[in-house]
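Next up, data_19.cif (mmCIF, C-alpha atoms):
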data_query
loop_
_atom_site.label_atom_id
_atom_site.label_comp_id
_atom_site.auth_asym_id
_atom_site.auth_seq_id
_atom_site.Cartn_x
_atom_site.Cartn_y
_atom_site.Cartn_z
CA MET A 1 53.06 81.93 141.12
CA CYS A 2 55.69 84.44 139.92
CA ILE A 3 58.65 85.40 142.10
CA ARG A 4 57.13 88.83 142.82
CA ASP A 5 53.96 87.32 144.25
CA ARG A 6 56.02 84.99 146.44
CA TYR A 7 57.58 87.88 148.33
CA VAL A 8 54.20 89.50 148.96
CA SER A 9 52.66 86.19 150.07
CA ALA A 10 55.66 85.53 152.32
CA LEU A 11 55.23 88.94 153.94
CA ARG A 12 51.54 88.25 154.58
CA ILE A 13 52.46 85.00 156.35
CA ALA A 14 55.15 86.82 158.38
CA LEU A 15 52.53 89.42 159.37
CA LYS A 16 50.20 86.67 160.56
CA LEU A 17 53.06 85.14 162.54
CA ASP A 18 53.94 88.61 163.91
CA ASP A 19 57.62 87.86 163.17
CA THR A 20 59.46 91.15 162.52
CA GLU A 21 62.78 89.40 161.89
CA LEU A 22 61.21 87.35 159.11
CA MET A 23 59.63 90.51 157.64
CA GLN A 24 63.02 92.24 157.62
CA LYS A 25 64.62 89.21 155.95
CA ILE A 26 61.98 89.23 153.19
CA PHE A 27 62.66 92.92 152.46
CA ASP A 28 66.43 92.35 152.44
CA GLU A 29 66.16 89.47 149.96
CA CYS A 30 63.74 91.16 147.56
CA GLN A 31 65.53 93.12 144.80
CA ASP A 32 62.49 94.49 142.95
CA GLN A 33 61.88 98.08 144.12
CA LEU A 34 58.23 98.11 142.98
CA VAL A 35 57.48 94.94 144.95
CA LYS A 36 59.20 96.48 147.97
CA LYS A 37 56.95 99.53 147.70
CA GLN A 38 53.88 97.32 147.55
CA MET A 39 55.07 95.45 150.65
CA ALA A 40 55.76 98.78 152.38
CA PHE A 41 52.09 99.66 151.93
CA LEU A 42 51.20 96.37 153.64
CA LEU A 43 53.46 97.31 156.56
CA ALA A 44 51.88 100.77 156.73
CA ARG A 45 48.42 99.22 157.06
CA GLN A 46 49.63 97.16 160.03
CA ARG A 47 51.70 100.02 161.54
CA ILE A 48 54.93 98.01 161.65
CA VAL A 49 58.35 99.69 161.57
CA LEU A 50 61.37 98.05 159.89
CA GLN A 51 64.82 99.22 158.82
CA LEU A 52 64.12 100.39 155.26
CA ASP A 53 65.54 102.98 152.86
CA GLU A 54 64.15 106.51 152.80
CA SER A 55 61.60 106.05 150.00
CA LEU A 56 60.17 102.87 151.57
CA THR A 57 60.15 104.38 155.07
CA GLU A 58 58.11 107.29 153.73
CA ILE A 59 55.46 104.82 152.57
CA ALA A 60 55.58 102.53 155.61
CA SER A 61 55.32 105.47 158.01
CA ASN A 62 52.03 106.64 156.42
CA SER A 63 53.47 110.16 156.05
CA LYS A 64 52.12 110.27 152.48
CA LEU A 65 48.72 108.90 153.43
CA PRO A 66 46.84 112.25 153.62
CA GLU A 67 48.21 113.21 150.20
CA PHE A 68 47.11 109.90 148.63
CA TYR A 69 43.72 110.09 150.36
CA GLN A 70 42.99 113.56 149.02
CA LEU A 71 44.09 112.55 145.51
CA LEU A 72 41.55 109.73 145.71
CA ALA A 73 38.90 112.19 146.89
CA LYS A 74 39.60 114.40 143.84
CA ASP A 75 39.31 111.42 141.50
CA LEU A 76 35.95 110.52 143.08
CA ASP A 77 34.86 114.17 143.03
CA VAL A 78 34.00 114.24 146.74
CA VAL A 79 36.41 116.97 147.83
CA GLU A 80 33.76 119.61 148.55
CA PRO A 81 32.81 119.56 152.25
CA LYS A 82 29.35 118.24 153.04
CA HIS A 83 27.04 119.91 155.52
CA PRO A 84 25.13 117.69 157.97
CA ASP A 85 21.85 119.04 156.55
CA SER A 86 22.71 117.47 153.19
CA ILE A 87 23.02 114.13 154.97
CA TYR A 88 19.78 114.59 156.90
CA LYS A 89 18.02 115.70 153.66
CA THR A 90 16.32 118.46 155.63
CA HIS A 91 15.32 120.23 152.41
CA LEU A 92 12.87 117.38 151.81
CA GLU A 93 11.14 117.80 155.15
CA ASP A 94 7.76 119.45 155.45
CA LYS A 95 8.43 122.54 157.55
CA GLY A 96 4.72 123.07 158.20
CA ARG A 97 3.60 126.48 159.29
CA SER A 98 6.97 127.61 160.55
CA ASN A 99 10.39 127.58 158.92
CA VAL A 100 12.10 128.24 162.21
CA GLN A 101 13.93 125.16 163.53
CA ALA A 102 14.53 125.07 167.23
CA GLU A 103 18.20 124.52 167.92
CA SER A 104 19.25 122.37 170.81
CA ALA A 105 22.57 121.24 172.21
CA GLN A 106 21.67 117.64 171.41
CA GLN A 107 20.93 118.41 167.75
CA ASN A 108 24.18 120.33 167.45
CA LEU A 109 26.09 117.47 169.04
CA ALA A 110 24.61 115.07 166.48
CA SER A 111 25.61 117.44 163.67
CA THR A 112 29.15 117.57 165.09
CA TYR A 113 29.55 113.80 164.81
CA VAL A 114 27.98 113.63 161.35
CA ASN A 115 30.21 116.46 160.14
CA ALA A 116 33.33 114.69 161.47
CA PHE A 117 32.59 111.38 159.74
CA VAL A 118 31.41 112.65 156.34
CA ASN A 119 34.42 114.99 156.04
CA ALA A 120 37.02 112.71 157.66
CA GLY A 121 40.48 113.16 156.16
CA PHE A 122 39.53 115.96 153.75
CA GLY A 123 41.06 118.80 155.79
CA LYS A 124 37.99 121.00 155.39
CA ASP A 125 34.38 120.99 156.48
CA SER A 126 31.36 123.27 156.84
CA LEU A 127 31.24 123.67 160.64
CA MET A 128 34.60 123.70 162.43
CA VAL A 129 37.28 124.76 159.92
CA ASN A 130 37.44 128.34 158.59
CA ASN A 131 34.21 129.29 160.30
CA GLN A 132 35.37 132.38 162.14
CA GLU A 133 32.16 134.42 161.90
CA THR A 134 30.00 131.99 163.89
CA PRO A 135 32.36 129.52 165.63
CA TRP A 136 30.63 126.16 165.97
CA ILE A 137 32.28 125.60 169.36
CA HIS A 138 29.79 128.11 170.83
CA SER A 139 26.84 125.99 169.62
CA VAL A 140 27.65 123.05 171.89
CA LYS A 141 27.89 122.80 175.66
CA ASN A 142 29.97 120.85 178.17
CA ASP A 143 30.64 117.36 176.71
CA GLY A 144 29.76 118.76 173.29
CA GLY A 145 32.97 120.81 173.48
CA ILE A 146 34.94 117.56 173.62
CA ALA A 147 33.18 116.26 170.51
CA ALA A 148 33.52 119.55 168.61
CA THR A 149 37.26 120.04 169.10
CA GLY A 150 37.87 116.29 168.90
CA SER A 151 36.20 116.27 165.47
CA LEU A 152 39.14 118.29 164.14
CA GLY A 153 41.20 115.13 164.56
CA MET A 154 38.84 113.31 162.20
CA ILE A 155 38.78 116.14 159.66
CA TYR A 156 42.61 116.26 159.61
CA MET A 157 43.04 112.50 159.87
CA TRP A 158 46.73 111.52 159.30
CA ASP A 159 47.66 115.16 158.49
CA ILE A 160 49.93 116.08 161.38
CA ASP A 161 50.98 119.49 160.03
CA GLY A 162 47.49 120.65 159.06
CA GLY A 163 45.92 119.30 162.23
CA SER A 164 48.55 120.88 164.49
CA ASN A 165 48.00 124.29 162.91
CA GLU A 166 44.23 124.03 163.28
CA VAL A 167 44.18 122.99 166.96
CA ALA A 168 46.90 125.45 168.04
CA ASP A 169 44.35 128.15 168.94
CA TYR A 170 42.43 125.76 171.20
CA LEU A 171 45.46 124.62 173.24
CA ASN A 172 45.23 127.74 175.41
CA ALA A 173 41.47 127.49 175.96
CA GLN A 174 40.21 127.86 179.53
CA ASP A 175 37.32 125.44 179.05
CA GLY A 176 38.37 122.00 180.33
CA PHE A 177 36.01 120.20 177.93
CA VAL A 178 37.53 121.99 174.94
CA LYS A 179 41.09 121.15 176.02
CA CYS A 180 40.10 117.52 176.51
CA GLY A 181 38.77 117.45 172.95
CA VAL A 182 41.95 119.06 171.60
CA TYR A 183 44.12 116.32 173.09
CA ILE A 184 41.84 113.66 171.63
CA ALA A 185 42.10 115.42 168.25
CA ILE A 186 45.91 115.31 168.50
CA GLY A 187 45.70 111.57 169.07
CA LEU A 188 43.38 111.13 166.08
CA PHE A 189 45.42 112.95 163.47
CA ASN A 190 48.62 111.27 164.70
CA SER A 191 47.02 107.82 164.65
CA GLY A 192 48.88 105.38 162.41
CA VAL A 193 51.48 107.93 161.31
CA ILE A 194 55.07 107.21 162.37
CA ASN A 195 57.05 110.42 162.82
CA ASP A 196 60.62 110.78 164.10
CA CYS A 197 59.63 113.88 166.07
CA ASP A 198 56.92 111.95 167.94
CA PRO A 199 54.61 115.00 168.16
CA ALA A 200 51.79 113.17 169.97
CA LYS A 201 54.03 112.14 172.86
CA ALA A 202 55.61 115.61 173.01
CA LEU A 203 52.25 117.39 173.16
CA LEU A 204 50.42 114.97 175.47
CA SER A 205 53.10 114.18 178.07
CA GLU A 206 52.60 117.41 180.01
CA PRO A 207 48.78 117.31 180.35
CA LEU A 208 49.03 113.60 181.20
CA ASN A 209 50.77 114.53 184.44
CA SER A 210 48.67 117.62 185.26
CA SER A 211 46.56 116.18 188.06
CA ASP A 212 45.07 119.63 188.74
CA SER A 213 43.23 119.48 185.42
CA PRO A 214 41.23 116.22 185.22
CA HIS A 215 39.69 116.98 181.81
CA SER A 216 43.11 117.63 180.27
CA GLN A 217 44.50 114.49 181.86
CA LEU A 218 41.62 112.37 180.53
CA GLY A 219 42.02 113.85 177.03
CA ALA A 220 45.77 113.10 177.08
CA VAL A 221 45.14 109.49 178.12
CA VAL A 222 42.64 108.90 175.30
CA GLY A 223 44.85 110.79 172.82
CA LEU A 224 47.85 108.58 173.57
CA GLY A 225 45.75 105.45 173.09
CA LEU A 226 44.51 106.65 169.70
CA ALA A 227 47.88 107.96 168.51
CA TYR A 228 49.81 104.79 169.32
CA ALA A 229 47.12 102.15 168.74
CA GLY A 230 48.77 98.90 167.63
CA SER A 231 52.29 100.26 168.12
CA ALA A 232 53.16 98.22 171.26
CA ARG A 233 55.35 101.10 172.48
CA ASP A 234 56.92 100.27 175.85
CA ASP A 235 57.61 103.93 176.64
CA ILE A 236 53.88 104.70 176.40
CA LEU A 237 53.19 101.67 178.61
CA GLU A 238 55.40 103.15 181.31
CA MET A 239 53.45 106.41 181.14
CA LEU A 240 50.01 104.82 181.45
CA VAL A 241 50.50 101.89 183.87
CA PRO A 242 50.88 104.16 186.97
CA LEU A 243 47.48 105.69 186.18
CA VAL A 244 45.91 102.24 185.92
CA ILE A 245 47.26 100.73 189.16
CA ASP A 246 46.86 103.81 191.37
CA VAL A 247 43.63 103.14 193.28
CA ASP A 248 43.58 106.75 194.47
CA GLN A 249 43.07 107.89 190.88
CA ASN A 250 39.62 108.65 189.55
CA VAL A 251 38.05 105.40 188.25
CA GLU A 252 37.20 107.06 184.93
CA LEU A 253 40.81 108.09 184.31
CA SER A 254 42.13 104.67 185.34
CA ALA A 255 39.62 102.85 183.12
CA PHE A 256 40.44 104.98 180.08
CA ALA A 257 44.17 104.49 180.73
CA ALA A 258 43.51 100.73 180.69
CA LEU A 259 41.51 101.09 177.47
CA SER A 260 44.40 103.00 175.87
CA LEU A 261 46.78 100.20 176.88
CA GLY A 262 44.38 97.75 175.23
CA LEU A 263 44.51 99.76 172.00
CA ILE A 264 48.31 100.14 172.07
CA TYR A 265 48.90 96.42 172.71
CA VAL A 266 45.89 95.12 170.78
CA GLY A 267 46.28 91.40 170.14
CA ARG A 268 49.76 91.29 171.75
CA CYS A 269 48.83 89.52 175.03
CA ASN A 270 51.15 91.89 176.89
CA GLU A 271 51.66 90.60 180.44
CA ASP A 272 52.57 93.96 182.00
CA ALA A 273 49.42 95.64 180.71
CA GLY A 274 47.23 92.66 181.65
CA ASN A 275 48.68 92.36 185.13
CA ALA A 276 48.21 96.09 185.77
CA ILE A 277 44.52 95.86 184.86
CA ILE A 278 43.99 92.73 186.99
CA GLN A 279 45.81 94.35 189.92
CA THR A 280 43.63 97.46 189.93
CA LEU A 281 40.49 95.31 189.71
CA ILE A 282 41.62 93.35 192.78
CA ASP A 283 42.66 96.43 194.77
CA ARG A 284 39.69 98.70 194.03
CA GLY A 285 36.69 98.71 196.31
CA GLU A 286 33.16 97.63 195.46
CA SER A 287 31.94 101.22 195.10
CA HIS A 288 34.50 101.80 192.32
CA LEU A 289 33.71 98.61 190.42
CA ASN A 290 29.96 99.27 190.61
CA LEU A 291 30.43 102.28 188.33
CA THR A 292 29.52 101.82 184.66
CA VAL A 293 32.88 103.16 183.49
CA ALA A 294 34.64 100.26 185.30
CA ARG A 295 33.49 97.95 182.50
CA TYR A 296 36.15 99.51 180.28
CA PHE A 297 38.66 97.41 182.23
CA GLY A 298 37.01 94.35 180.70
CA VAL A 299 37.09 95.81 177.19
CA ALA A 300 40.77 96.68 177.67
CA LEU A 301 41.63 93.10 178.68
CA GLY A 302 39.66 91.80 175.72
CA LEU A 303 41.61 94.02 173.31
CA LEU A 304 44.91 92.67 174.66
CA PHE A 305 43.88 89.16 173.57
CA LEU A 306 42.02 90.10 170.37
CA GLY A 307 42.00 87.08 168.04
CA GLN A 308 44.49 85.10 170.15
CA GLN A 309 42.02 82.37 171.20
CA GLU A 310 43.64 79.89 173.67
CA ALA A 311 46.21 82.49 174.76
CA CYS A 312 43.53 84.05 176.99
CA GLU A 313 43.08 80.97 179.18
CA ALA A 314 45.70 82.03 181.75
CA ILE A 315 44.16 85.48 182.25
CA LEU A 316 40.70 83.89 182.60
CA GLU A 317 42.04 81.78 185.47
CA THR A 318 43.53 84.89 187.07
CA LEU A 319 40.14 86.61 186.95
CA ASN A 320 38.91 84.17 189.61
CA LEU A 321 40.81 86.32 192.12
CA ILE A 322 38.23 89.09 191.59
CA GLN A 323 35.31 88.71 193.99
CA HIS A 324 33.11 91.44 192.50
CA PRO A 325 30.28 90.48 190.07
CA ILE A 326 32.05 92.51 187.35
CA ARG A 327 34.21 89.38 186.90
CA LYS A 328 31.46 87.72 184.82
CA TYR A 329 31.28 90.72 182.52
CA ILE A 330 35.07 90.76 182.04
CA GLU A 331 35.20 87.02 181.33
CA VAL A 332 32.60 87.42 178.58
CA CYS A 333 34.54 90.36 177.09
CA VAL A 334 37.86 88.50 177.07
CA GLU A 335 36.45 85.35 175.49
CA SER A 336 34.42 87.30 172.90
CA PHE A 337 37.44 89.30 171.78
CA ALA A 338 39.87 86.36 171.91
CA TYR A 339 37.68 84.20 169.67
CA ILE A 340 36.39 87.00 167.44
CA GLY A 341 35.46 85.77 163.97
CA SER A 342 36.42 82.19 164.83
CA GLY A 343 32.90 80.77 164.68
CA ASN A 344 33.91 78.52 167.59
CA ILE A 345 30.71 76.60 168.26
CA LEU A 346 31.65 75.80 171.88
CA LYS A 347 32.08 79.49 172.67
CA VAL A 348 28.84 80.35 170.85
CA GLN A 349 27.00 77.77 172.96
CA LYS A 350 28.60 79.19 176.11
CA MET A 351 27.36 82.68 175.22
CA LEU A 352 23.86 81.34 174.59
CA ARG A 353 23.85 79.54 177.96
CA THR A 354 24.83 82.81 179.61
CA CYS A 355 21.70 84.43 178.12
CA ILE A 356 19.33 81.74 179.42
CA ASP A 357 19.15 82.77 183.09
CA HIS A 358 16.39 85.19 184.03
CA LEU A 359 18.12 87.88 186.10
CA GLU A 360 17.26 91.35 187.31
CA GLU A 361 18.60 94.19 185.19
CA LYS A 362 21.26 95.22 187.74
CA ASP A 363 22.73 91.68 187.66
CA SER A 364 22.54 91.06 183.90
CA HIS A 365 25.25 93.25 182.39
CA HIS A 366 27.33 90.19 181.49
CA GLN A 367 24.33 88.77 179.61
CA ALA A 368 24.10 91.88 177.42
CA ALA A 369 27.84 91.51 176.74
CA ALA A 370 27.23 87.86 175.78
CA VAL A 371 24.67 88.99 173.17
CA LEU A 372 27.33 91.23 171.61
CA GLY A 373 29.78 88.33 171.94
CA LEU A 374 27.53 86.24 169.69
CA GLY A 375 27.89 88.84 166.95
CA LEU A 376 31.68 88.98 167.36
CA LEU A 377 32.13 85.20 167.32
CA ALA A 378 29.93 84.57 164.27
CA SER A 379 31.03 87.52 162.13
CA SER A 380 33.40 85.57 159.85
CA GLU A 381 31.31 83.37 157.57
CA GLN A 382 27.83 83.12 156.10
CA ILE A 383 26.44 79.99 157.78
CA GLY A 384 27.49 81.09 161.25
CA ASN A 385 26.04 84.52 160.49
CA GLU A 386 22.65 83.03 159.62
CA MET A 387 22.59 80.79 162.70
CA CYS A 388 23.50 83.72 164.93
CA LEU A 389 20.75 85.83 163.35
CA ARG A 390 18.25 83.12 164.25
CA SER A 391 19.50 83.10 167.85
CA LEU A 392 19.21 86.89 168.06
CA ASN A 393 15.61 86.64 166.86
CA HIS A 394 14.91 84.17 169.69
CA ILE A 395 16.44 86.61 172.17
CA LEU A 396 14.12 89.33 170.88
CA GLN A 397 11.11 87.04 171.36
CA TYR A 398 11.82 85.33 174.66
CA CYS A 399 14.43 87.22 176.70
CA GLU A 400 14.26 90.15 179.10
CA ILE A 401 14.43 93.72 177.88
CA ASN A 402 18.01 94.21 179.07
CA LEU A 403 19.18 91.52 176.63
CA LYS A 404 16.96 92.83 173.82
CA ARG A 405 18.66 96.23 174.08
CA ALA A 406 21.96 94.65 173.01
CA VAL A 407 20.52 92.99 169.90
CA PRO A 408 20.73 96.04 167.55
CA LEU A 409 24.45 96.38 168.32
CA ALA A 410 24.95 92.64 167.83
CA LEU A 411 23.22 92.87 164.44
CA ALA A 412 25.49 95.76 163.50
CA VAL A 413 28.63 93.83 164.51
CA LEU A 414 27.38 90.80 162.60
CA ASN A 415 26.88 92.81 159.39
CA ILE A 416 29.64 95.44 159.31
CA SER A 417 29.80 96.97 155.81
CA ASN A 418 27.25 94.37 154.70
CA PRO A 419 23.82 95.99 154.58
CA GLN A 420 21.00 93.50 154.09
CA ILE A 421 17.29 94.14 153.64
CA ALA A 422 16.35 91.57 156.31
CA ILE A 423 18.58 93.29 158.88
CA MET A 424 17.22 96.71 157.97
CA ASP A 425 13.67 95.38 158.43
CA ILE A 426 14.48 94.11 161.92
CA LEU A 427 16.07 97.41 162.92
CA SER A 428 13.12 99.36 161.49
CA LYS A 429 10.74 97.35 163.67
CA LEU A 430 12.91 97.86 166.74
CA PHE A 431 12.93 101.59 166.02
CA HIS A 432 9.21 101.61 166.90
CA ASP A 433 9.56 99.50 170.05
CA THR A 434 7.84 100.75 173.17
CA ASP A 435 11.10 100.67 175.15
CA ALA A 436 12.78 104.05 174.63
CA GLU A 437 16.31 102.74 175.08
CA LEU A 438 15.84 99.87 172.61
CA SER A 439 14.22 102.10 169.99
CA GLN A 440 17.13 104.55 170.12
#

Since I need it in another form, could you write the structure as structure tokens?
Amino acid sequence: MCIRDRYVSALRIALKLDDTELMQKIFDECQDQLVKKQMAFLLARQRIVLQLDESLTEIASNSKLPEFYQLLAKDLDVVEPKHPDSIYKTHLEDKGRSNVQAESAQQNLASTYVNAFVNAGFGKDSLMVNNQETPWIHSVKNDGGIAATGSLGMIYMWDIDGGSNEVADYLNAQDGFVKCGVYIAIGLFNSGVINDCDPAKALLSEPLNSSDSPHSQLGAVVGLGLAYAGSARDDILEMLVPLVIDVDQNVELSAFAALSLGLIYVGRCNEDAGNAIIQTLIDRGESHLNLTVARYFGVALGLLFLGQQEACEAILETLNLIQHPIRKYIEVCVESFAYIGSGNILKVQKMLRTCIDHLEEKDSHHQAAAVLGLGLLASSEQIGNEMCLRSLNHILQYCEINLKRAVPLALAVLNISNPQIAIMDILSKLFHDTDAELSQ
């Protein structure tokens, strides 16, 4: 191995150890500027900040990422914005006797999401940007306004200047849903980009504290989580923890604040964030924890211990203080996230045992989470993948409908970016299932 490769390999090990001092030492010892640039790209991918010179900081901060991304798009000749209809292939459909297509809010909402993903990072699209004659925002209603304005964050991914200019007109909107989406968009196009001006914090601090506008407050909470995901910023922790522990706050706002903390401290096992989530679960009444949105507390705790395996044991013991049935759901979430991709056979068996009991639907939410946990645990290698697929087939054959509904998501988790004909066949069959929720 040449000396250049040794520095890169050493940095990868330091990243796995999460040792910033060792990373800094590796950069200080390396004298090859090209190797340093390559290592700076590795830091940028992990969103880690070190003391580097100006040219390396520019790379590590991801400030050049939108420029590089659009250069790649030009090379691949995919710069032209795509319309959702070109994805749906509507021109191939048989229109029958009428060419008039009935528009609905649900169809428009679907088109909003498709448009955001197929044009992500390009800075232009066919629905939201430069569409002044027939603004797309008028084609969606209520929650659709959140998705529509939030999609601008996807379209201007990593481009803080372009995104800020585009959302400026929506910041003064009177519609609460639209303002919520704007703040989420701000979080999206700031995500992963390190900027000395800290525009996300500057723009979202005020609505975060505006208790008279719940939609704006919710959008600010989600925006902060997206903007600072993986950053482990203590100043953002101090802003969000009061919203988590205040039992007088709306459960939805508190749960999303917890989820944002999970994103910001993902895999860091942060005690302050974990204790805040546990405390609110203990203090909140049964009526609060019965709500579906309360399950985000479990997802948030799981994110804190993502991939950390045995480090989650202490928090699992602490969960015994919670008397509400949601404890089972949270335990499954924490263990699934902590052992993600490990293929740990003991944890796989534990998840399978959780699925065995025949429970009523209202008492089986933790079982559905265990089905997803199987996909997370076995997603690392081929043999475990095949064994898990066999188990999921057994669940489809012998288990209750509430567990079957989780199988399509488990299959997706098990085969991310790995399309297989056998999986597509299973999903095609499930698409025609008599249960409406499963088929969707």

Query raised in the report: Mind pulling up the distance from atom CA of A:Tyr7 to atom CA of A:Gln51?
Result: 17.1 Å

Report task. Would you kindly translate the PyMOL selection byres ((chain A and resi 200) around 8) into the concrete residues it picks from this file, as an MDAnalysis selection string? Result -> chainID A and resid 186:187 190 198:199 201:204 223:224 227

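Residues within 12 Å of A:Asp235, counting only C-alpha atoms and excluding same-chain residues fewer than 4 positions away, are A:Asp198, A:Lys201, A:Ser205, A:Leu224, A:Tyr228, A:Ser231, A:Met239, A:Leu240, A:Val241, A:Leu261, A:Ile264.
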
Query raised in the report: Given the file above and the PyMOL selection byres ((chain A and resi 278) around 12), which residues are selected, and can you give them as a ChimeraX atom specification?
Result: /A:241,244-245,255,258,271-277,279-284,297-298,300-301,315-323,326-327,330-331

Report task. Could you give me, as a ChimeraX atom specification, the residues that sit within 10 Å of (33.6, 99.9, 182.6) in the file's coordinates, counting only C-alpha atoms? Result -> /A:251-252,255-256,259,288-300,326,329-330

Query raised in the report: Applied to this file, what does the PyMOL selection byres ((chain A and resi 387-400) around 10) return in terms of residues, put as a PyMOL selection string?
Result: chain A and resi 343+348+352+355-361+364+371-372+374-375+377-379+382-386+401-408+410-411+414+423+426+430

**Report entry** For A:Glu166, the nearest of the candidates A:Met424, A:Val266, A:Leu109, A:Val182, counting all atoms listed in the file
**Finding:** A:Val182

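Restricting the calculation to all atoms listed in the file, the smallest distance between A:Asn195 and any of A:Val49, A:Leu237, A:Leu438, A:Ala10 is found for A:Val49.
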
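The shell of residues at most 12 Å from A:Leu52, with all atoms listed in the file counted and near chain neighbours (fewer than 2 positions) removed, consists of Met23, Gln24, Lys25, Ile26, Phe27, Asp28, Gln33, Lys36, Lys37, Met39, Ala40, Leu43, Ile48, Val49, Leu50, Glu54, Ser55, Leu56, Thr57, Glu58, Ile59, Ala60 and Ser61 of chain A.
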
Report task. Considering all atoms listed in the file, return as a PyMOL selection string whatever protein or nucleic-acid residues lie within 9 Å of A:Ile87, sequence-local ones (same chain, fewer than 5 positions apart) excluded. Result -> chain A and resi 82+114+118

Query raised in the report: Do you know which residues are at most 12 Å from A:Phe68 counting all atoms listed in the file, after dropping those on the same chain fewer than 2 positions away, and could you put them as a count of residues only?
Result: 17

Requested in this report: List every protein, DNA or RNA residue with an atom no more than 10 Å from (32.9, 79.8, 169.6) in the file's coordinates, counting all atoms listed in the file, and format the result as a count of residues only.
Outcome: 22

**Report entry** Counting all atoms listed in the file, the option among A:Asp169, A:Asp19, A:Glu206, A:Asp125 closest to A:Val79
**Finding:** A:Asp125

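The space between atom CA of A:Gly230 and atom CA of A:Gly144 spans 28.1 Å.
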
Requested in this report: Using only C-alpha atoms, pick whichever of A:Ile416, A:Ile155, A:Leu243, A:Ala116 has the shortest atom-to-atom distance to A:Ala220.
Outcome: A:Leu243

Requested in this report: Mind giving me the straight-line distance from atom CA of A:Val247 to atom CA of A:Gly176 in Å, one decimal?
Outcome: 23.5 Å

Coordinates of box centre and edge lengths for stretch 413-421 of chain A, 8 Å on every side, axis-aligned, as lines of an AutoDock Vina configuration file:
center_x = 23.5
center_y = 93.9
center_z = 159.1
size_x = 28.5
size_y = 22.2
size_z = 26.9

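For the residues A:Asp85, A:Asp5, A:Glu238, A:Asp161, ranking by smallest atom-to-atom distance to A:Ser126 using only C-alpha atoms places A:Asp85 first.
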
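Using all atoms listed in the file, the shortest contact distance between A:Leu188 and any of A:Asn165, A:Asp433, A:Ile160, A:Thr20 is found at A:Ile160.
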